[in-house]
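*Asks:* Quick one: structure below, then a few questions.
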Amino acid sequence: MNLFNNILNSRTVNLTTFRKSGIAVHTPVWIVKDGNIGYIRTYKTSGKIKRLKNNHKAFIATCTNSGKITGDKIEVKAEVLELDREEYYKISNKIKKKYNIIYILISIFRNISYENSQIIIIKKK
């Protein structure tokens, strides 16, 4: 398997996005893989969303839950998707399947829903 797929298969990835000034921002996130594409779900108002709308350049690497990078990083193309409810829940269910009870607890605790979150797509560059 190649590095991109290994990272997509990991439990947590470090997503590096860039501010308008060019400063890198590192964020540990959950990711699910569908074929050769990765999906990340986050709040619509998150900094990741704002940064990616300005610049699709990003890097991903395997990391710990706290964000400490544990492997090589690679450049990817990351875009914010505008999905209808059905498409959103297909991806959300993949996340639920991968992260199981932790996903359910966090979704309830943080009130993550179609209305207040978006999906980021990660593609190999």
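Residue names in the structure tokens use chain letters A, B, ... in the order shown, residue numbers from 1 in each chain, and ligand numbers from 1 in the order shown.
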Neighbours of Ile49 of chain A within 10 Å (only C-alpha atoms; same-chain residues fewer than 5 positions away dropped), as a PDB file with C-alpha atoms, in the first residue's frame?

*Replies:*
ATOM      1  CA  THR A  17      -3.895  23.891   6.422  1.00  0.00           C
ATOM      2  CA  THR A  42     -15.966  19.344  11.044  1.00  0.00           C
ATOM      3  CA  TYR A  43     -18.066  22.313  12.130  1.00  0.00           C
ATOM      4  CA  LYS A  44     -19.025  24.814   9.411  1.00  0.00           C
ATOM      5  CA  ASN A  54      -9.056  30.269   0.636  1.00  0.00           C
ATOM      6  CA  ASN A  55      -6.389  27.668  -0.141  1.00  0.00           C
ATOM      7  CA  ALA A  78      -8.433  19.373   0.353  1.00  0.00           C
ATOM      8  CA  GLU A  79     -11.792  20.875  -0.536  1.00  0.00           C
ATOM      9  CA  VAL A  80     -14.942  21.711   1.383  1.00  0.00           C
ATOM     10  CA  LEU A  81     -17.924  19.840  -0.033  1.00  0.00           C
ATOM     11  CA  SER A 117     -21.070  20.634  10.023  1.00  0.00           C
ATOM     12  CA  GLN A 118     -19.418  20.083   6.658  1.00  0.00           C
ATOM     13  CA  ILE A 119     -17.354  17.430   4.976  1.00  0.00           C
ATOM     14  CA  ILE A 120     -13.815  18.001   3.714  1.00  0.00           C
TER      15      ILE A 120
END

*Asks:* With only C-alpha atoms as the counted atoms, please give the residues lying no more than 12 Å from segment 61-73 of chain A, apart from itself and same-chain residues fewer than 5 positions off, as a PDB file with N, CA and C atoms, in the first residue's frame.

*Replies:*
ATOM      1  N   ASN A   2       0.411   2.321  -0.586  1.00  0.00           N
ATOM      2  CA  ASN A   2       1.221   3.538  -0.628  1.00  0.00           C
ATOM      3  C   ASN A   2       0.977   4.411   0.600  1.00  0.00           C
ATOM      4  N   LEU A   3       1.801   5.409   0.767  1.00  0.00           N
ATOM      5  CA  LEU A   3       1.746   6.282   1.938  1.00  0.00           C
ATOM      6  C   LEU A   3       0.390   6.973   2.071  1.00  0.00           C
ATOM      7  N   PHE A   4      -0.167   7.466   0.970  1.00  0.00           N
ATOM      8  CA  PHE A   4      -1.465   8.147   1.010  1.00  0.00           C
ATOM      9  C   PHE A   4      -2.535   7.231   1.601  1.00  0.00           C
ATOM     10  N   ASN A   5      -2.638   6.005   1.102  1.00  0.00           N
ATOM     11  CA  ASN A   5      -3.640   5.071   1.612  1.00  0.00           C
ATOM     12  C   ASN A   5      -3.364   4.665   3.056  1.00  0.00           C
ATOM     13  N   ASN A   6      -2.096   4.513   3.417  1.00  0.00           N
ATOM     14  CA  ASN A   6      -1.756   4.202   4.816  1.00  0.00           C
ATOM     15  C   ASN A   6      -2.247   5.299   5.746  1.00  0.00           C
ATOM     16  N   ILE A   7      -2.059   6.541   5.348  1.00  0.00           N
ATOM     17  CA  ILE A   7      -2.514   7.665   6.178  1.00  0.00           C
ATOM     18  C   ILE A   7      -4.038   7.668   6.258  1.00  0.00           C
ATOM     19  N   LEU A   8      -4.714   7.458   5.118  1.00  0.00           N
ATOM     20  CA  LEU A   8      -6.180   7.437   5.130  1.00  0.00           C
ATOM     21  C   LEU A   8      -6.736   6.324   6.010  1.00  0.00           C
ATOM     22  N   ASN A   9      -6.001   5.230   6.142  1.00  0.00           N
ATOM     23  CA  ASN A   9      -6.452   4.108   6.968  1.00  0.00           C
ATOM     24  C   ASN A   9      -6.163   4.294   8.449  1.00  0.00           C
ATOM     25  N   SER A  10      -5.405   5.310   8.807  1.00  0.00           N
ATOM     26  CA  SER A  10      -5.058   5.497  10.212  1.00  0.00           C
ATOM     27  C   SER A  10      -6.249   6.043  11.004  1.00  0.00           C
ATOM     28  N   ARG A  11      -6.165   5.942  12.301  1.00  0.00           N
ATOM     29  CA  ARG A  11      -7.270   6.361  13.181  1.00  0.00           C
ATOM     30  C   ARG A  11      -7.388   7.881  13.264  1.00  0.00           C
ATOM     31  N   THR A  12      -6.265   8.556  13.384  1.00  0.00           N
ATOM     32  CA  THR A  12      -6.244  10.016  13.487  1.00  0.00           C
ATOM     33  C   THR A  12      -5.167  10.549  12.552  1.00  0.00           C
ATOM     34  N   VAL A  13      -5.465  11.644  11.847  1.00  0.00           N
ATOM     35  CA  VAL A  13      -4.462  12.265  10.987  1.00  0.00           C
ATOM     36  C   VAL A  13      -4.258  13.718  11.389  1.00  0.00           C
ATOM     37  N   ASN A  14      -3.069  14.174  11.138  1.00  0.00           N
ATOM     38  CA  ASN A  14      -2.766  15.578  11.334  1.00  0.00           C
ATOM     39  C   ASN A  14      -3.033  16.270  10.006  1.00  0.00           C
ATOM     40  N   LEU A  15      -4.001  17.170  10.003  1.00  0.00           N
ATOM     41  CA  LEU A  15      -4.337  17.958   8.815  1.00  0.00           C
ATOM     42  C   LEU A  15      -3.667  19.316   8.961  1.00  0.00           C
ATOM     43  N   THR A  16      -2.806  19.635   8.024  1.00  0.00           N
ATOM     44  CA  THR A  16      -2.136  20.933   8.030  1.00  0.00           C
ATOM     45  C   THR A  16      -2.757  21.787   6.937  1.00  0.00           C
ATOM     46  N   VAL A  25      -1.242  25.644  10.029  1.00  0.00           N
ATOM     47  CA  VAL A  25      -2.018  25.321  11.222  1.00  0.00           C
ATOM     48  C   VAL A  25      -2.237  23.806  11.226  1.00  0.00           C
ATOM     49  N   HIS A  26      -1.809  23.139  12.295  1.00  0.00           N
ATOM     50  CA  HIS A  26      -1.900  21.684  12.417  1.00  0.00           C
ATOM     51  C   HIS A  26      -3.099  21.318  13.295  1.00  0.00           C
ATOM     52  N   THR A  27      -3.905  20.367  12.815  1.00  0.00           N
ATOM     53  CA  THR A  27      -5.090  19.949  13.559  1.00  0.00           C
ATOM     54  C   THR A  27      -5.246  18.429  13.472  1.00  0.00           C
ATOM     55  N   PRO A  28      -5.344  17.740  14.621  1.00  0.00           N
ATOM     56  CA  PRO A  28      -5.645  16.301  14.563  1.00  0.00           C
ATOM     57  C   PRO A  28      -7.126  16.110  14.250  1.00  0.00           C
ATOM     58  N   VAL A  29      -7.423  15.218  13.298  1.00  0.00           N
ATOM     59  CA  VAL A  29      -8.814  14.985  12.889  1.00  0.00           C
ATOM     60  C   VAL A  29      -9.036  13.491  12.633  1.00  0.00           C
ATOM     61  N   TRP A  30     -10.295  13.090  12.706  1.00  0.00           N
ATOM     62  CA  TRP A  30     -10.693  11.750  12.283  1.00  0.00           C
ATOM     63  C   TRP A  30     -10.879  11.769  10.783  1.00  0.00           C
ATOM     64  N   ILE A  31     -10.615  10.642  10.153  1.00  0.00           N
ATOM     65  CA  ILE A  31     -10.748  10.547   8.701  1.00  0.00           C
ATOM     66  C   ILE A  31     -11.295   9.174   8.338  1.00  0.00           C
TER      67      ILE A  31
END

*Asks:* If you run DSSP over the backbone, which residues in chain A end up strand (DSSP E or B)? Put them as a ChimeraX atom specification.

*Replies:* /A:12-18,24-30,32-34,37-43,57-63,69-81,117-124

*Asks:* Export, as a short mmCIF file (atom, residue, chain, number, x, y, z; two decimals), in the first residue's frame, the selected residues with N, CA and C atoms.

*Replies:*
data_model
loop_
_atom_site.label_atom_id
_atom_site.label_comp_id
_atom_site.auth_asym_id
_atom_site.auth_seq_id
_atom_site.Cartn_x
_atom_site.Cartn_y
_atom_site.Cartn_z
N THR A 12 -6.26 8.56 13.38
CA THR A 12 -6.24 10.02 13.49
C THR A 12 -5.17 10.55 12.55
N VAL A 13 -5.46 11.64 11.85
CA VAL A 13 -4.46 12.27 10.99
C VAL A 13 -4.26 13.72 11.39
N ASN A 14 -3.07 14.17 11.14
CA ASN A 14 -2.77 15.58 11.33
C ASN A 14 -3.03 16.27 10.01
N LEU A 15 -4.00 17.17 10.00
CA LEU A 15 -4.34 17.96 8.81
C LEU A 15 -3.67 19.32 8.96
N THR A 16 -2.81 19.63 8.02
CA THR A 16 -2.14 20.93 8.03
C THR A 16 -2.76 21.79 6.94
N THR A 17 -3.32 22.92 7.35
CA THR A 17 -3.90 23.89 6.42
C THR A 17 -3.14 25.20 6.59
N PHE A 18 -3.43 26.17 5.72
CA PHE A 18 -2.63 27.38 5.71
C PHE A 18 -3.49 28.64 5.78
N ALA A 24 1.27 27.80 8.69
CA ALA A 24 0.66 26.48 8.76
C ALA A 24 -0.07 26.30 10.09
N VAL A 25 -1.24 25.64 10.03
CA VAL A 25 -2.02 25.32 11.22
C VAL A 25 -2.24 23.81 11.23
N HIS A 26 -1.81 23.14 12.30
CA HIS A 26 -1.90 21.68 12.42
C HIS A 26 -3.10 21.32 13.29
N THR A 27 -3.90 20.37 12.81
CA THR A 27 -5.09 19.95 13.56
C THR A 27 -5.25 18.43 13.47
N PRO A 28 -5.34 17.74 14.62
CA PRO A 28 -5.64 16.30 14.56
C PRO A 28 -7.13 16.11 14.25
N VAL A 29 -7.42 15.22 13.30
CA VAL A 29 -8.81 14.98 12.89
C VAL A 29 -9.04 13.49 12.63
N TRP A 30 -10.29 13.09 12.71
CA TRP A 30 -10.69 11.75 12.28
C TRP A 30 -10.88 11.77 10.78
N VAL A 32 -12.10 9.13 7.29
CA VAL A 32 -12.56 7.85 6.75
C VAL A 32 -12.17 7.78 5.29
N LYS A 33 -11.97 6.57 4.83
CA LYS A 33 -11.52 6.33 3.46
C LYS A 33 -12.66 5.70 2.67
N ASP A 34 -12.82 6.17 1.44
CA ASP A 34 -13.75 5.54 0.50
C ASP A 34 -13.02 5.48 -0.84
N ILE A 37 -10.13 8.19 -1.66
CA ILE A 37 -10.52 9.52 -1.18
C ILE A 37 -10.72 9.46 0.33
N GLY A 38 -10.32 10.52 1.01
CA GLY A 38 -10.56 10.62 2.44
C GLY A 38 -11.60 11.68 2.73
N TYR A 39 -12.33 11.49 3.82
CA TYR A 39 -13.36 12.45 4.23
C TYR A 39 -13.17 12.81 5.70
N ILE A 40 -13.29 14.09 5.98
CA ILE A 40 -13.19 14.62 7.33
C ILE A 40 -14.45 15.43 7.59
N ARG A 41 -15.02 15.28 8.77
CA ARG A 41 -16.20 16.08 9.12
C ARG A 41 -15.81 17.08 10.21
N THR A 42 -16.27 18.30 10.07
CA THR A 42 -15.97 19.34 11.04
C THR A 42 -17.07 20.39 11.04
N TYR A 43 -17.07 21.24 12.05
CA TYR A 43 -18.07 22.31 12.13
C TYR A 43 -17.91 23.29 10.97
N LYS A 57 -4.49 23.86 -0.64
CA LYS A 57 -3.24 23.16 -0.32
C LYS A 57 -3.29 22.70 1.13
N ALA A 58 -2.95 21.43 1.34
CA ALA A 58 -2.93 20.88 2.69
C ALA A 58 -1.94 19.72 2.73
N PHE A 59 -1.58 19.33 3.94
CA PHE A 59 -0.74 18.16 4.16
C PHE A 59 -1.45 17.27 5.17
N ILE A 60 -1.24 15.95 5.03
CA ILE A 60 -1.75 15.02 6.04
C ILE A 60 -0.62 14.10 6.47
N ALA A 61 -0.71 13.62 7.71
CA ALA A 61 0.26 12.68 8.26
C ALA A 61 -0.44 11.91 9.38
N THR A 62 0.02 10.71 9.64
CA THR A 62 -0.51 9.98 10.79
C THR A 62 -0.09 10.72 12.06
N CYS A 63 -0.94 10.62 13.07
CA CYS A 63 -0.62 11.30 14.33
C CYS A 63 -1.34 10.64 15.50
N ILE A 69 2.68 14.21 15.33
CA ILE A 69 2.89 13.51 14.07
C ILE A 69 3.77 12.28 14.29
N THR A 70 3.32 11.15 13.75
CA THR A 70 4.03 9.88 13.96
C THR A 70 4.56 9.27 12.66
N GLY A 71 4.36 9.96 11.54
CA GLY A 71 4.82 9.41 10.27
C GLY A 71 5.11 10.51 9.28
N ASP A 72 5.42 10.11 8.07
CA ASP A 72 5.71 11.07 7.01
C ASP A 72 4.45 11.83 6.61
N LYS A 73 4.63 13.07 6.19
CA LYS A 73 3.50 13.85 5.71
C LYS A 73 3.56 13.94 4.20
N ILE A 74 2.36 14.09 3.60
CA ILE A 74 2.28 14.25 2.16
C ILE A 74 1.33 15.39 1.82
N GLU A 75 1.61 16.05 0.71
CA GLU A 75 0.74 17.12 0.25
C GLU A 75 -0.50 16.53 -0.41
N VAL A 76 -1.66 17.12 -0.13
CA VAL A 76 -2.93 16.67 -0.69
C VAL A 76 -3.74 17.88 -1.16
N LYS A 77 -4.79 17.60 -1.91
CA LYS A 77 -5.76 18.63 -2.25
C LYS A 77 -6.95 18.42 -1.33
N ALA A 78 -7.32 19.46 -0.60
CA ALA A 78 -8.43 19.37 0.35
C ALA A 78 -9.47 20.41 -0.03
N GLU A 79 -10.71 19.97 -0.16
CA GLU A 79 -11.79 20.88 -0.54
C GLU A 79 -12.99 20.69 0.38
N VAL A 80 -13.71 21.76 0.61
CA VAL A 80 -14.94 21.71 1.38
C VAL A 80 -16.07 21.33 0.44
N LEU A 81 -16.82 20.30 0.81
CA LEU A 81 -17.92 19.84 -0.03
C LEU A 81 -19.25 20.44 0.41
N SER A 117 -22.39 21.15 10.39
CA SER A 117 -21.07 20.63 10.02
C SER A 117 -20.94 20.45 8.51
N GLN A 118 -19.72 20.29 8.07
CA GLN A 118 -19.42 20.08 6.66
C GLN A 118 -18.39 18.98 6.51
N ILE A 119 -18.30 18.49 5.30
CA ILE A 119 -17.35 17.43 4.98
C ILE A 119 -16.22 18.02 4.14
N ILE A 120 -15.00 17.64 4.49
CA ILE A 120 -13.82 18.00 3.71
C ILE A 120 -13.38 16.75 2.96
N ILE A 121 -13.13 16.90 1.68
CA ILE A 121 -12.64 15.78 0.89
C ILE A 121 -11.13 15.92 0.71
N ILE A 122 -10.44 14.79 0.88
CA ILE A 122 -8.99 14.75 0.76
C ILE A 122 -8.63 13.89 -0.45
N LYS A 123 -7.90 14.48 -1.40
CA LYS A 123 -7.50 13.76 -2.62
C LYS A 123 -5.99 13.77 -2.73
N LYS A 124 -5.48 12.71 -3.33
CA LYS A 124 -4.05 12.64 -3.58
C LYS A 124 -3.66 13.71 -4.59
#

*Asks:* Please return, as a PyMOL selection string, all residues of segment 9-120 of chain A that DSSP assigns to alpha helix (DSSP H) on the basis of the backbone.

*Replies:* chain A and resi 9+47-54+85-110

*Asks:* Using the selection just defined, write its residues with N, CA and C atoms as a CSV table (one decimal), in the first residue's frame.

*Replies:*
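This went into again-v1.csv:
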chain,number,residue,atom,x,y,z
A,9,ASN,N,-6.0,5.2,6.1
A,9,ASN,CA,-6.5,4.1,7.0
A,9,ASN,C,-6.2,4.3,8.4
A,47,GLY,N,-12.0,26.9,11.8
A,47,GLY,CA,-10.9,27.5,11.1
A,47,GLY,C,-10.5,26.7,9.9
A,48,LYS,N,-10.5,25.4,10.0
A,48,LYS,CA,-10.2,24.5,8.8
A,48,LYS,C,-11.0,24.9,7.6
A,49,ILE,N,-12.3,25.0,7.8
A,49,ILE,CA,-13.2,25.3,6.7
A,49,ILE,C,-12.8,26.7,6.1
A,50,LYS,N,-12.6,27.7,6.9
A,50,LYS,CA,-12.3,29.0,6.4
A,50,LYS,C,-11.0,29.0,5.7
A,51,ARG,N,-10.0,28.3,6.2
A,51,ARG,CA,-8.6,28.2,5.6
A,51,ARG,C,-8.7,27.5,4.2
A,52,LEU,N,-9.5,26.4,4.2
A,52,LEU,CA,-9.5,25.6,3.0
A,52,LEU,C,-10.3,26.3,1.9
A,53,LYS,N,-11.3,27.2,2.2
A,53,LYS,CA,-12.0,27.9,1.2
A,53,LYS,C,-11.1,28.9,0.5
A,54,ASN,N,-10.0,29.3,1.2
A,54,ASN,CA,-9.1,30.3,0.6
A,54,ASN,C,-7.9,29.6,-0.1
A,85,ARG,N,-28.4,16.3,2.1
A,85,ARG,CA,-28.5,15.5,3.4
A,85,ARG,C,-28.2,14.1,3.2
A,86,GLU,N,-28.6,13.4,2.1
A,86,GLU,CA,-28.4,12.0,1.8
A,86,GLU,C,-26.9,11.7,1.7
A,87,GLU,N,-26.2,12.5,0.9
A,87,GLU,CA,-24.7,12.3,0.7
A,87,GLU,C,-24.0,12.5,2.0
A,88,TYR,N,-24.4,13.6,2.8
A,88,TYR,CA,-23.8,13.9,4.0
A,88,TYR,C,-23.9,12.6,5.0
A,89,TYR,N,-25.1,12.1,5.1
A,89,TYR,CA,-25.3,11.0,6.0
A,89,TYR,C,-24.6,9.7,5.5
A,90,LYS,N,-24.4,9.5,4.3
A,90,LYS,CA,-23.6,8.3,3.8
A,90,LYS,C,-22.2,8.4,4.4
A,91,ILE,N,-21.6,9.6,4.3
A,91,ILE,CA,-20.2,9.8,4.8
A,91,ILE,C,-20.2,9.7,6.3
A,92,SER,N,-21.2,10.4,6.9
A,92,SER,CA,-21.3,10.3,8.4
A,92,SER,C,-21.4,8.9,8.9
A,93,ASN,N,-22.2,8.1,8.2
A,93,ASN,CA,-22.3,6.7,8.6
A,93,ASN,C,-21.0,5.9,8.5
A,94,LYS,N,-20.2,6.3,7.6
A,94,LYS,CA,-18.8,5.6,7.5
A,94,LYS,C,-18.0,6.0,8.7
A,95,ILE,N,-18.1,7.3,9.1
A,95,ILE,CA,-17.4,7.7,10.3
A,95,ILE,C,-17.9,7.0,11.5
A,96,LYS,N,-19.2,6.9,11.6
A,96,LYS,CA,-19.8,6.2,12.7
A,96,LYS,C,-19.4,4.7,12.8
A,97,LYS,N,-19.3,4.1,11.7
A,97,LYS,CA,-18.9,2.7,11.6
A,97,LYS,C,-17.4,2.5,12.1
A,98,LYS,N,-16.6,3.4,11.6
A,98,LYS,CA,-15.1,3.4,12.0
A,98,LYS,C,-14.9,3.7,13.4
A,99,TYR,N,-15.5,4.7,14.0
A,99,TYR,CA,-15.2,5.2,15.3
A,99,TYR,C,-16.2,4.7,16.4
A,100,ASN,N,-17.3,4.1,16.0
A,100,ASN,CA,-18.2,3.4,16.8
A,100,ASN,C,-18.7,4.2,18.0
A,101,ILE,N,-18.6,3.7,19.2
A,101,ILE,CA,-19.2,4.3,20.4
A,101,ILE,C,-18.6,5.7,20.7
A,102,ILE,N,-17.3,5.9,20.4
A,102,ILE,CA,-16.7,7.2,20.6
A,102,ILE,C,-17.4,8.2,19.7
A,103,TYR,N,-17.7,7.9,18.5
A,103,TYR,CA,-18.4,8.8,17.5
A,103,TYR,C,-19.7,9.2,18.1
A,104,ILE,N,-20.5,8.2,18.6
A,104,ILE,CA,-21.8,8.4,19.1
A,104,ILE,C,-21.8,9.4,20.2
A,105,LEU,N,-20.9,9.1,21.2
A,105,LEU,CA,-20.8,10.0,22.4
A,105,LEU,C,-20.4,11.4,22.0
A,106,ILE,N,-19.4,11.6,21.1
A,106,ILE,CA,-18.9,12.9,20.7
A,106,ILE,C,-20.0,13.6,19.9
A,107,SER,N,-20.7,12.9,19.0
A,107,SER,CA,-21.8,13.5,18.3
A,107,SER,C,-22.9,14.1,19.2
A,108,ILE,N,-23.2,13.3,20.2
A,108,ILE,CA,-24.3,13.8,21.1
A,108,ILE,C,-23.7,14.9,22.0
A,109,PHE,N,-22.5,14.8,22.5
A,109,PHE,CA,-22.0,15.8,23.4
A,109,PHE,C,-21.7,17.1,22.7
A,110,ARG,N,-21.3,17.0,21.4
A,110,ARG,CA,-20.9,18.2,20.7
A,110,ARG,C,-22.1,18.7,19.7
